[in-house]
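These notes are about the structure you will find just below.
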Amino acid sequence: MTPRIYHGSFSPEDIARDLISYFHRGNYQVQRIGNPDNMAVQIATRRNLTSGGATALTVSLQKVADGVSVQLSNQAWFGLAASLGMTALSALRNPWTLIGRMDDIAQDVESLQLQENVWQVVDSFARQRGTGQELSKRLARTVCPYCLTANPIASARCLACGAPLGENQPSTCAKCGFILEKKELICPNCGQPRT
């Protein structure tokens, strides 16, 4: 899956803590692997499940310039698909068996939403810290192509030499937060057109 970049002064460890506190409950178990600048958080259903099918997902967190890159692996669906298949077969044989499988169905529905829930936790983390996929303060500068002076964003002219700066304004991809150069019409990270 396409990584998303969140700009701000926080570390992968900070995001990992939020993911662990949210998902390490009920039928899920969470483990953290790696070092503070490059880690993986694995979210999986517990080995001795009481309901639902097995699934797993890895969240890769990597420190980048002025923020953290977050990427999800492909979710393991085999156990979840088997559980849903068992529920469907049971319902075909006897619709009343659905009553006995309500816990399985509820857990399977929650597991189907695992990727979406991970993104919600990460987005919530960013909002709580007043950050997001916009440019950080350090990167939100326009560098004059003539004298190489850093100028505040949206400056029409260079503070040092007076050269026009209109074409040098930095921006980020609205979908993933990747920093785009002015000539890039399509984000090289996620493939979305520039807005």
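To be explicit about the labels: the chains of the structure tokens are called A, B, and onward in the order shown, and within each one the residues are counted from 1, while ligands get numbers from 1 in the order they are shown.
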Restrict the calculation to only C-alpha atoms, then for each residue of stretch 9-67 of chain A with any atom at most 12 Å from an atom of stretch 164-179 of chain A give the closest atom pair and their distance in Å to one decimal, rows by chain and rising residue number, as a Markdown table.
| residue | atom | partner | partner_atom | distance |
| --- | --- | --- | --- | --- |
| A:Val64 | CA | A:Phe178 | CA | 10.8 |
| A:Ala65 | CA | A:Ile179 | CA | 10.5 |
| A:Asp66 | CA | A:Ile179 | CA | 11.2 |
| A:Gly67 | CA | A:Gly177 | CA | 10.3 |
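For A:Leu72, the non-local neighbours within 8 Å, defined as residues at least 3 positions apart in the same chain or in other chains and counting only C-alpha atoms, are Met1, Thr2, Pro3, Leu57, Thr58, Val59, Ser60 and Gln115 of chain A.
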Which of these, A:Arg47, A:Cys187, A:Glu13, A:Asp123, has the shortest distance to A:Arg32 once you count only C-alpha atoms? A:Glu13
Find the residues around A:Ile20 up to 8 Å (only C-alpha atoms counted), leave out those fewer than 6 positions away in its own chain, and share them as a PyMOL selection string. chain A and resi 30-31+41
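Residues lying within 9 Å of A:Pro145, counting only C-alpha atoms and ignoring same-chain neighbours fewer than 2 positions away, are Val143, Cys147, Leu148, Thr149, Ala163, Leu165 and Asn168 of chain A.
Ranking A:Ala54, A:Ile186, A:Ala16, A:Leu159 by their shortest atom-to-atom distance to A:Asp37, with only C-alpha atoms included, puts A:Ala16 first.
Using only C-alpha atoms for every distance, the candidate list A:Tyr6, A:Tyr22, A:Tyr28, A:Trp96 yields A:Tyr28 as the residue closest to A:Thr45.
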